[in-house]
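Asks: File follows, coords-v5.cif with mmCIF, C-alpha atoms:
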```cif
data_data
#
loop_
_atom_site.label_atom_id
_atom_site.label_comp_id
_atom_site.auth_asym_id
_atom_site.auth_seq_id
_atom_site.Cartn_x
_atom_site.Cartn_y
_atom_site.Cartn_z
CA MET V 1 -83.09 -45.23 -34.49
CA LYS V 2 -80.50 -44.53 -37.15
CA TYR V 3 -77.80 -46.01 -34.88
CA PHE V 4 -79.84 -49.16 -34.63
CA PHE V 5 -80.09 -49.48 -38.41
CA LEU V 6 -76.36 -48.82 -38.83
CA LEU V 7 -75.51 -51.51 -36.32
CA LYS V 8 -78.03 -53.84 -37.89
CA LYS V 9 -76.37 -53.41 -41.27
CA SER V 10 -72.93 -54.03 -39.78
CA ILE V 11 -73.88 -57.33 -38.12
CA PRO V 12 -73.66 -59.42 -41.36
CA PHE V 13 -70.25 -57.89 -42.06
CA LEU V 14 -69.00 -58.73 -38.57
CA PHE V 15 -70.35 -62.26 -38.96
CA LEU V 16 -68.45 -62.71 -42.22
CA VAL V 17 -65.24 -61.44 -40.61
CA LEU V 18 -65.57 -63.91 -37.75
CA LEU V 19 -66.43 -66.72 -40.14
CA GLY V 20 -63.46 -65.89 -42.34
CA SER V 21 -61.12 -66.04 -39.36
CA CYS V 22 -62.04 -69.66 -38.71
CA ALA V 23 -59.49 -72.13 -40.06
CA SER V 24 -60.80 -74.57 -42.65
CA LYS V 25 -60.58 -78.33 -42.26
CA LYS V 26 -58.00 -78.65 -45.03
CA ASP V 27 -55.68 -76.25 -43.21
CA MET V 28 -55.78 -78.08 -39.87
CA ILE V 29 -55.95 -81.87 -40.37
CA TYR V 30 -52.75 -83.88 -40.81
CA TYR V 31 -52.19 -86.71 -43.35
CA GLN V 32 -55.35 -85.92 -45.31
CA ASP V 33 -54.48 -88.24 -48.21
CA ILE V 34 -52.86 -91.00 -46.20
CA ASP V 35 -55.27 -93.66 -47.51
CA ALA V 36 -53.77 -93.14 -50.96
CA LEU V 37 -50.41 -94.35 -49.63
CA ALA V 38 -51.84 -97.59 -48.24
CA GLY V 39 -50.25 -100.66 -49.79
CA GLN V 40 -47.33 -98.79 -51.32
CA GLU V 41 -44.00 -100.57 -50.93
CA LYS V 42 -41.95 -97.39 -50.97
CA SER V 43 -40.43 -96.64 -47.58
CA ASN V 44 -38.16 -93.99 -46.19
CA SER V 45 -34.85 -95.54 -45.02
CA TYR V 46 -33.07 -92.29 -44.27
CA GLU V 47 -29.91 -92.62 -42.17
CA ILE V 48 -28.22 -89.57 -40.72
CA LYS V 49 -24.67 -88.62 -41.62
CA ILE V 50 -21.99 -87.62 -39.18
CA GLN V 51 -21.06 -83.93 -39.23
CA PRO V 52 -18.24 -81.73 -37.85
CA ASP V 53 -18.71 -80.90 -34.13
CA ASP V 54 -20.52 -84.19 -33.49
CA LEU V 55 -19.54 -85.99 -30.31
CA LEU V 56 -19.08 -89.71 -30.97
CA GLN V 57 -18.92 -92.31 -28.25
CA ILE V 58 -16.98 -95.22 -29.70
CA SER V 59 -16.42 -98.47 -27.82
CA VAL V 60 -14.08 -101.24 -28.93
CA TYR V 61 -14.65 -104.75 -27.61
CA ALA V 62 -12.17 -107.61 -27.71
CA GLU V 63 -11.76 -110.98 -26.04
CA ASP V 64 -8.60 -109.66 -24.42
CA PRO V 65 -9.34 -106.33 -22.60
CA GLU V 66 -5.64 -105.43 -22.68
CA ILE V 67 -5.71 -105.38 -26.48
CA ALA V 68 -8.77 -103.11 -26.43
CA LYS V 69 -6.91 -100.55 -24.30
CA ALA V 70 -4.71 -99.63 -27.24
CA PHE V 71 -7.79 -98.41 -29.10
CA SER V 72 -9.40 -96.26 -26.45
CA LEU V 73 -8.75 -92.95 -24.71
CA ASN V 74 -10.27 -94.50 -21.61
CA THR V 75 -8.04 -97.06 -19.91
CA SER V 76 -9.94 -97.53 -16.64
CA SER V 77 -9.63 -101.04 -15.24
CA GLU V 78 -13.39 -101.20 -14.52
CA THR V 79 -14.31 -100.77 -18.19
CA ALA V 80 -11.49 -102.99 -19.31
CA THR V 81 -12.84 -105.82 -17.20
CA ALA V 82 -16.01 -105.73 -19.28
CA GLY V 83 -13.95 -106.39 -22.37
CA GLY V 84 -14.63 -103.06 -24.02
CA LEU V 85 -13.56 -99.45 -23.72
CA GLY V 86 -15.62 -96.40 -24.61
CA SER V 87 -14.28 -92.95 -25.46
CA VAL V 88 -15.86 -89.73 -26.72
CA TYR V 89 -14.38 -88.14 -29.83
CA LEU V 90 -15.09 -84.69 -31.21
CA VAL V 91 -15.34 -84.56 -34.99
CA ASP V 92 -13.15 -81.60 -35.98
CA ALA V 93 -13.81 -78.92 -38.58
CA TYR V 94 -12.22 -81.15 -41.24
CA GLY V 95 -14.50 -84.08 -40.39
CA LEU V 96 -11.74 -86.09 -38.69
CA ILE V 97 -11.37 -87.90 -35.39
CA ASP V 98 -8.03 -88.78 -33.84
CA PHE V 99 -8.35 -92.46 -32.98
CA PRO V 100 -5.77 -94.15 -30.75
CA THR V 101 -3.30 -96.31 -32.69
CA LEU V 102 -5.25 -95.85 -35.94
CA GLY V 103 -4.58 -92.09 -36.17
CA LYS V 104 -6.72 -89.56 -38.07
CA ILE V 105 -9.88 -91.02 -39.59
CA LYS V 106 -12.33 -89.21 -41.85
CA VAL V 107 -15.90 -89.74 -40.55
CA SER V 108 -17.82 -86.63 -41.63
CA GLY V 109 -20.28 -87.24 -44.44
CA PHE V 110 -20.51 -90.95 -43.66
CA THR V 111 -23.43 -92.73 -42.03
CA ARG V 112 -23.07 -94.50 -38.71
CA THR V 113 -23.14 -97.87 -40.51
CA GLU V 114 -20.38 -96.79 -42.88
CA VAL V 115 -18.15 -95.58 -40.03
CA LEU V 116 -18.66 -98.82 -38.11
CA HIS V 117 -17.66 -100.80 -41.20
CA LEU V 118 -14.57 -98.61 -41.67
CA LEU V 119 -13.47 -99.03 -38.05
CA ASP V 120 -14.11 -102.75 -38.15
CA THR V 121 -11.90 -103.08 -41.23
CA LYS V 122 -9.06 -101.08 -39.66
CA LEU V 123 -9.28 -102.79 -36.26
CA SER V 124 -9.31 -106.26 -37.81
CA GLN V 125 -5.65 -105.74 -38.62
CA TYR V 126 -4.93 -105.74 -34.88
CA ILE V 127 -7.86 -107.51 -33.19
CA LYS V 128 -9.44 -110.83 -34.02
CA LYS V 129 -13.18 -110.34 -34.57
CA PRO V 130 -13.47 -106.86 -33.03
CA ILE V 131 -16.84 -105.50 -31.96
CA VAL V 132 -17.35 -101.76 -32.32
CA SER V 133 -20.26 -99.62 -31.12
CA LEU V 134 -20.85 -95.99 -32.01
CA ARG V 135 -23.32 -93.44 -30.68
CA ILE V 136 -23.81 -89.74 -31.44
CA MET V 137 -23.87 -88.10 -28.01
CA ASN V 138 -25.02 -84.59 -28.93
CA PHE V 139 -27.98 -85.43 -31.18
CA LYS V 140 -30.54 -82.65 -30.77
CA VAL V 141 -33.20 -80.78 -32.72
CA SER V 142 -34.70 -77.34 -32.19
CA VAL V 143 -38.39 -76.52 -32.69
CA GLN V 144 -39.41 -72.88 -32.95
CA GLY V 145 -42.42 -70.77 -33.82
CA GLU V 146 -46.09 -71.66 -33.41
CA VAL V 147 -45.75 -74.73 -31.20
CA ASN V 148 -46.94 -75.03 -27.63
CA THR V 149 -43.51 -75.70 -26.10
CA PRO V 150 -40.68 -74.40 -28.32
CA GLY V 151 -37.15 -75.39 -27.41
CA THR V 152 -34.09 -77.51 -28.14
CA TYR V 153 -34.59 -81.21 -27.44
CA PRO V 154 -31.81 -83.79 -26.92
CA ILE V 155 -32.58 -87.09 -28.64
CA ALA V 156 -31.57 -90.31 -26.91
CA SER V 157 -31.77 -92.42 -30.06
CA GLU V 158 -30.29 -91.59 -33.46
CA ARG V 159 -33.55 -91.30 -35.35
CA ILE V 160 -36.51 -89.00 -34.88
CA THR V 161 -39.31 -88.06 -37.25
CA LEU V 162 -40.61 -84.56 -37.85
CA ILE V 163 -43.89 -85.53 -36.22
CA GLU V 164 -42.12 -86.86 -33.12
CA ALA V 165 -40.18 -83.59 -32.82
CA LEU V 166 -43.38 -81.55 -33.10
CA THR V 167 -44.96 -83.79 -30.47
CA LEU V 168 -42.03 -83.15 -28.13
CA ALA V 169 -42.76 -79.45 -28.59
CA GLY V 170 -46.38 -79.93 -27.58
CA ASP V 171 -47.68 -80.02 -31.18
CA LEU V 172 -48.59 -76.99 -33.28
CA SER V 173 -50.75 -74.29 -31.80
CA VAL V 174 -54.01 -73.43 -33.57
CA TYR V 175 -52.09 -70.56 -35.19
CA GLY V 176 -49.38 -72.77 -36.72
CA LYS V 177 -49.19 -73.00 -40.52
CA ARG V 178 -49.24 -76.72 -41.19
CA LYS V 179 -48.67 -76.46 -44.92
CA ASN V 180 -45.34 -74.65 -44.86
CA ILE V 181 -43.12 -75.96 -42.06
CA LEU V 182 -39.50 -74.91 -42.53
CA ILE V 183 -36.64 -77.34 -41.84
CA ILE V 184 -33.16 -75.84 -41.74
CA ARG V 185 -30.47 -78.48 -42.21
CA GLU V 186 -26.70 -78.16 -42.45
CA ILE V 187 -24.57 -80.79 -44.18
CA ASP V 188 -20.80 -80.32 -44.50
CA GLY V 189 -21.15 -76.62 -43.75
CA VAL V 190 -23.84 -76.04 -46.37
CA LYS V 191 -27.28 -75.00 -45.13
CA SER V 192 -30.46 -76.04 -46.91
CA PHE V 193 -33.94 -74.63 -46.39
CA ASN V 194 -36.78 -77.04 -46.97
CA ARG V 195 -40.57 -76.73 -46.80
CA VAL V 196 -42.86 -79.52 -45.63
CA ASP V 197 -46.66 -79.79 -45.80
CA ILE V 198 -47.78 -82.15 -43.03
CA THR V 199 -51.39 -82.01 -44.16
CA LYS V 200 -50.28 -84.22 -47.07
CA ALA V 201 -49.14 -87.71 -46.14
CA GLU V 202 -46.68 -87.77 -49.05
CA PHE V 203 -44.13 -85.91 -46.91
CA MET V 204 -43.49 -89.25 -45.17
CA ASN V 205 -41.59 -90.34 -48.29
CA THR V 206 -39.30 -87.29 -48.37
CA PRO V 207 -35.81 -86.89 -46.84
CA PHE V 208 -37.37 -84.58 -44.24
CA TYR V 209 -39.66 -87.09 -42.58
CA TYR V 210 -36.66 -88.11 -40.49
CA LEU V 211 -34.69 -85.26 -38.94
CA ALA V 212 -30.91 -85.02 -38.79
CA GLN V 213 -28.88 -83.89 -35.81
CA ASN V 214 -29.03 -80.12 -35.21
CA ASP V 215 -32.00 -79.64 -37.55
CA VAL V 216 -34.08 -76.52 -36.85
CA VAL V 217 -37.84 -76.80 -37.33
CA TYR V 218 -39.74 -73.52 -37.65
CA VAL V 219 -43.54 -73.32 -37.71
CA GLU V 220 -44.80 -70.11 -39.28
CA PRO V 221 -47.82 -68.26 -37.84
CA ASN V 222 -50.93 -68.33 -39.97
CA GLN V 223 -52.70 -65.21 -41.21
CA ASN V 224 -55.05 -65.10 -38.24
CA LYS V 225 -52.11 -64.85 -35.83
CA ILE V 226 -50.45 -62.19 -37.98
CA ASN V 227 -53.66 -60.18 -38.14
CA GLY V 228 -54.17 -60.54 -34.41
CA SER V 229 -50.64 -59.36 -33.71
CA ALA V 230 -51.23 -56.31 -35.90
CA VAL V 231 -54.32 -55.38 -33.88
CA GLY V 232 -52.49 -55.90 -30.61
CA PRO V 233 -53.70 -53.92 -27.57
CA SER V 234 -56.52 -52.36 -29.61
CA THR V 235 -58.46 -55.65 -29.52
CA GLY V 236 -59.82 -55.04 -26.04
CA LEU V 237 -60.91 -51.53 -26.96
CA ILE V 238 -62.72 -52.77 -30.07
CA PHE V 239 -64.70 -55.35 -28.12
CA SER V 240 -65.52 -52.77 -25.45
CA VAL V 241 -66.90 -50.40 -28.08
CA MET V 242 -68.90 -53.22 -29.66
CA SER V 243 -70.33 -54.16 -26.27
CA ILE V 244 -71.41 -50.55 -25.67
CA LEU V 245 -73.03 -50.37 -29.12
CA ILE V 246 -74.91 -53.59 -28.53
CA ALA V 247 -76.08 -52.37 -25.11
CA LEU V 248 -77.26 -49.05 -26.63
CA THR V 249 -79.08 -50.90 -29.40
CA THR V 250 -80.83 -53.11 -26.86
CA LEU V 251 -81.83 -50.02 -24.89
CA ILE V 252 -83.16 -48.28 -28.04
CA ILE V 253 -85.18 -51.32 -29.04
CA THR V 254 -86.63 -51.62 -25.54
CA SER V 255 -87.50 -47.92 -25.40
CA SER V 256 -89.17 -47.97 -28.82
CA LYS V 257 -91.63 -50.66 -27.79
#
```
Could you render the structure from this file as structure tokens?
Replies:
Amino acid sequence: MKYFFLLKKSIPFLFLVLLGSCASKKDMIYYQDIDALAGQEKSNSYEIKIQPDDLLQISVYAEDPEIAKAFSLNTSSETATAGGLGSVYLVDAYGLIDFPTLGKIKVSGFTRTEVLHLLDTKLSQYIKKPIVSLRIMNFKVSVQGEVNTPGTYPIASERITLIEALTLAGDLSVYGKRKNILIIREIDGVKSFNRVDITKAEFMNTPFYYLAQNDVVYVEPNQNKINGSAVGPSTGLIFSVMSILIALTTLIITSSK
């Protein structure tokens, strides 16, 4: 009978352990204070900046395709017929691209809009009313840690939010720490390490709501996952022992009747 009383005394403790392992509402739900942001005029207009090693597809359009050829690495007749020529340029370690006719142009540290304005100004010296398009070809973000599908994801557009990136990765697992998501960002060779709490809607007004090219998003495991990893293979053994103890207790109770 003493085993029965020992097990009986341990049941409340086991219950508290299981209860404590359950995540609270405030740790799991996103945008908990989003109603407080309703009606606010403040908006996040973040625009990414071009960095070394970016691949830029730049097309120059002109009424006369022959004029456009002088400003493109691609001189195929098929593209020229369309009135515009597209070429891919690698931004070098110094933030420069080598543009036909125009020579070396500094683009690193500038936004896409700023580079388009710069090219338009330079091309206007040679082309009447030039039209220039620019696209970052190697835009990608990496999502690691406690998400359901970690990986590196190419982005077709030039803007993606943190939430969209997490969605691409299958959202956070139940073990992901939602209050301390790490975003690693490199600008002009300088890395920054930034923490975001997605349970608070205010993060939508920070520079990290929109991701930049090559950002790394890391979701830390919560304490439950860390504790579970520490137990490891012993978990099965513990439950087996508990099952045996419960079976013995049931047998003792039945026999004592």
Asks: Given the file shown, determine the residues that the PyMOL selection byres ((chain V and resi 100) around 7) selects; report them as number ranges by chain.
Replies: V: 70-73, 98-99, 101-103
Asks: What's around V:Ile155 at 9 Å? Count all atoms listed in the file, leave out sequence neighbours fewer than 2 positions away in its own chain, and write the answer as a short mmCIF file (atom, residue, chain, number, x, y, z; two decimals) with C-alpha atoms, in the coordinates of the input.
Replies:
```cif
data_model
loop_
_atom_site.label_atom_id
_atom_site.label_comp_id
_atom_site.auth_asym_id
_atom_site.auth_seq_id
_atom_site.Cartn_x
_atom_site.Cartn_y
_atom_site.Cartn_z
CA MET V 137 -23.87 -88.10 -28.01
CA ASN V 138 -25.02 -84.59 -28.93
CA PHE V 139 -27.98 -85.43 -31.18
CA LYS V 140 -30.54 -82.65 -30.77
CA VAL V 141 -33.20 -80.78 -32.72
CA TYR V 153 -34.59 -81.21 -27.44
CA SER V 157 -31.77 -92.42 -30.06
CA GLU V 158 -30.29 -91.59 -33.46
CA ARG V 159 -33.55 -91.30 -35.35
CA ILE V 160 -36.51 -89.00 -34.88
CA GLN V 213 -28.88 -83.89 -35.81
#
```
Asks: Each residue of stretch 83-149 of chain V with at least one atom at most 9 Å from stretch 48-65 of chain V should appear once, together with its nearest atom pair and the corresponding distance in Å (one decimal); atoms considered: only C-alpha atoms; ordering: chain, then increasing residue number; output as a Markdown table.
Replies:
```
| residue | atom | partner | partner_atom | distance |
| --- | --- | --- | --- | --- |
| V:Gly83 | CA | V:Pro65 | CA | 4.6 |
| V:Gly84 | CA | V:Tyr61 | CA | 4.0 |
| V:Leu85 | CA | V:Ser59 | CA | 5.1 |
| V:Gly86 | CA | V:Ser59 | CA | 3.9 |
| V:Ser87 | CA | V:Gln57 | CA | 5.5 |
| V:Val88 | CA | V:Gln57 | CA | 4.3 |
| V:Tyr89 | CA | V:Leu56 | CA | 5.1 |
| V:Leu90 | CA | V:Leu55 | CA | 4.7 |
| V:Val91 | CA | V:Pro52 | CA | 5.0 |
| V:Asp92 | CA | V:Pro52 | CA | 5.4 |
| V:Ala93 | CA | V:Pro52 | CA | 5.3 |
| V:Tyr94 | CA | V:Pro52 | CA | 6.9 |
| V:Gly95 | CA | V:Pro52 | CA | 5.1 |
| V:Leu96 | CA | V:Pro52 | CA | 7.9 |
| V:Val107 | CA | V:Ile50 | CA | 6.6 |
| V:Ser108 | CA | V:Gln51 | CA | 4.9 |
| V:Gly109 | CA | V:Lys49 | CA | 5.4 |
| V:Phe110 | CA | V:Lys49 | CA | 5.2 |
| V:Thr111 | CA | V:Lys49 | CA | 4.3 |
| V:Arg112 | CA | V:Lys49 | CA | 6.8 |
| V:Val115 | CA | V:Ile50 | CA | 8.9 |
| V:Leu123 | CA | V:Val60 | CA | 8.9 |
| V:Ile127 | CA | V:Ala62 | CA | 7.0 |
| V:Lys128 | CA | V:Ala62 | CA | 7.6 |
| V:Lys129 | CA | V:Ala62 | CA | 7.5 |
| V:Pro130 | CA | V:Ala62 | CA | 5.5 |
| V:Ile131 | CA | V:Tyr61 | CA | 4.9 |
| V:Val132 | CA | V:Val60 | CA | 4.7 |
| V:Ser133 | CA | V:Ser59 | CA | 5.2 |
| V:Leu134 | CA | V:Ile58 | CA | 4.6 |
| V:Arg135 | CA | V:Gln57 | CA | 5.2 |
| V:Ile136 | CA | V:Leu56 | CA | 4.8 |
| V:Met137 | CA | V:Leu55 | CA | 5.3 |
| V:Asn138 | CA | V:Leu55 | CA | 5.8 |
| V:Phe139 | CA | V:Asp54 | CA | 7.9 |
```
Asks: Just the selected residues (C-alpha atoms), exported as a PDB file, keeping the file's coordinate frame, please.
Replies:
```pdb
ATOM      1  CA  GLY V  83     -13.950-106.390 -22.370  1.00  0.00           C
ATOM      2  CA  GLY V  84     -14.630-103.060 -24.020  1.00  0.00           C
ATOM      3  CA  LEU V  85     -13.560 -99.450 -23.720  1.00  0.00           C
ATOM      4  CA  GLY V  86     -15.620 -96.400 -24.610  1.00  0.00           C
ATOM      5  CA  SER V  87     -14.280 -92.950 -25.460  1.00  0.00           C
ATOM      6  CA  VAL V  88     -15.860 -89.730 -26.720  1.00  0.00           C
ATOM      7  CA  TYR V  89     -14.380 -88.140 -29.830  1.00  0.00           C
ATOM      8  CA  LEU V  90     -15.090 -84.690 -31.210  1.00  0.00           C
ATOM      9  CA  VAL V  91     -15.340 -84.560 -34.990  1.00  0.00           C
ATOM     10  CA  ASP V  92     -13.150 -81.600 -35.980  1.00  0.00           C
ATOM     11  CA  ALA V  93     -13.810 -78.920 -38.580  1.00  0.00           C
ATOM     12  CA  TYR V  94     -12.220 -81.150 -41.240  1.00  0.00           C
ATOM     13  CA  GLY V  95     -14.500 -84.080 -40.390  1.00  0.00           C
ATOM     14  CA  LEU V  96     -11.740 -86.090 -38.690  1.00  0.00           C
ATOM     15  CA  VAL V 107     -15.900 -89.740 -40.550  1.00  0.00           C
ATOM     16  CA  SER V 108     -17.820 -86.630 -41.630  1.00  0.00           C
ATOM     17  CA  GLY V 109     -20.280 -87.240 -44.440  1.00  0.00           C
ATOM     18  CA  PHE V 110     -20.510 -90.950 -43.660  1.00  0.00           C
ATOM     19  CA  THR V 111     -23.430 -92.730 -42.030  1.00  0.00           C
ATOM     20  CA  ARG V 112     -23.070 -94.500 -38.710  1.00  0.00           C
ATOM     21  CA  VAL V 115     -18.150 -95.580 -40.030  1.00  0.00           C
ATOM     22  CA  LEU V 123      -9.280-102.790 -36.260  1.00  0.00           C
ATOM     23  CA  ILE V 127      -7.860-107.510 -33.190  1.00  0.00           C
ATOM     24  CA  LYS V 128      -9.440-110.830 -34.020  1.00  0.00           C
ATOM     25  CA  LYS V 129     -13.180-110.340 -34.570  1.00  0.00           C
ATOM     26  CA  PRO V 130     -13.470-106.860 -33.030  1.00  0.00           C
ATOM     27  CA  ILE V 131     -16.840-105.500 -31.960  1.00  0.00           C
ATOM     28  CA  VAL V 132     -17.350-101.760 -32.320  1.00  0.00           C
ATOM     29  CA  SER V 133     -20.260 -99.620 -31.120  1.00  0.00           C
ATOM     30  CA  LEU V 134     -20.850 -95.990 -32.010  1.00  0.00           C
ATOM     31  CA  ARG V 135     -23.320 -93.440 -30.680  1.00  0.00           C
ATOM     32  CA  ILE V 136     -23.810 -89.740 -31.440  1.00  0.00           C
ATOM     33  CA  MET V 137     -23.870 -88.100 -28.010  1.00  0.00           C
ATOM     34  CA  ASN V 138     -25.020 -84.590 -28.930  1.00  0.00           C
ATOM     35  CA  PHE V 139     -27.980 -85.430 -31.180  1.00  0.00           C
TER      36      PHE V 139
END
```
Asks: Could you tell me which of V:Glu146, V:Lys106, V:Thr121, V:Glu114 comes closest to V:Val174 if we count all atoms listed in the file?
Replies: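 Result for the nearest residue to V:Val174: V:Glu146.
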Asks: Between V:Tyr175, V:Val219, V:Tyr126, V:Phe208, which residue has the minimum interatomic distance to V:Ile67, considering all atoms listed in the file?
Replies: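 Residue with the minimum atom-to-atom distance to V:Ile67: V:Tyr126.
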Asks: Can you tell me, as a PyMOL selection string, what residues are no more than 12 Å from V:Ser192 when counting only C-alpha atoms, ignoring any on the same chain fewer than 3 positions away?
Replies: chain V and resi 182-189+195+208+215-216
Asks: Do you have the atom CA of V:Asp171-atom CA of V:Lys200 distance handy?
Replies: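 The value is 16.6 Å.
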Asks: How would you write as a ChimeraX atom specification the residues that get within 9 Å of (-39.6, -71.9, -34.1) in the file's frame, counting all atoms listed in the file?
Replies: /V:142-147,150-151,182,216-220
Asks: Take the residues from that selection and put them in a file with C-alpha atoms, as a PDB file, keeping the file's coordinate frame.
Replies:
```pdb
ATOM      1  CA  SER V 142     -34.700 -77.340 -32.190  1.00  0.00           C
ATOM      2  CA  VAL V 143     -38.390 -76.520 -32.690  1.00  0.00           C
ATOM      3  CA  GLN V 144     -39.410 -72.880 -32.950  1.00  0.00           C
ATOM      4  CA  GLY V 145     -42.420 -70.770 -33.820  1.00  0.00           C
ATOM      5  CA  GLU V 146     -46.090 -71.660 -33.410  1.00  0.00           C
ATOM      6  CA  VAL V 147     -45.750 -74.730 -31.200  1.00  0.00           C
ATOM      7  CA  PRO V 150     -40.680 -74.400 -28.320  1.00  0.00           C
ATOM      8  CA  GLY V 151     -37.150 -75.390 -27.410  1.00  0.00           C
ATOM      9  CA  LEU V 182     -39.500 -74.910 -42.530  1.00  0.00           C
ATOM     10  CA  VAL V 216     -34.080 -76.520 -36.850  1.00  0.00           C
ATOM     11  CA  VAL V 217     -37.840 -76.800 -37.330  1.00  0.00           C
ATOM     12  CA  TYR V 218     -39.740 -73.520 -37.650  1.00  0.00           C
ATOM     13  CA  VAL V 219     -43.540 -73.320 -37.710  1.00  0.00           C
ATOM     14  CA  GLU V 220     -44.800 -70.110 -39.280  1.00  0.00           C
TER      15      GLU V 220
END
```
Asks: By how many Å are atom CA of V:Lys179 and atom CA of V:Val196 apart?
Replies: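 Computed distance, atom CA of V:Lys179 to atom CA of V:Val196, equals 6.6 Å.
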Asks: Rounded to one decimal, what separation in Å do you get between atom CA of V:Asn227 and atom CA of V:Glu164?
Replies: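 Atom CA of V:Glu164 lies at a distance of 29.5 Å from atom CA of V:Asn227.
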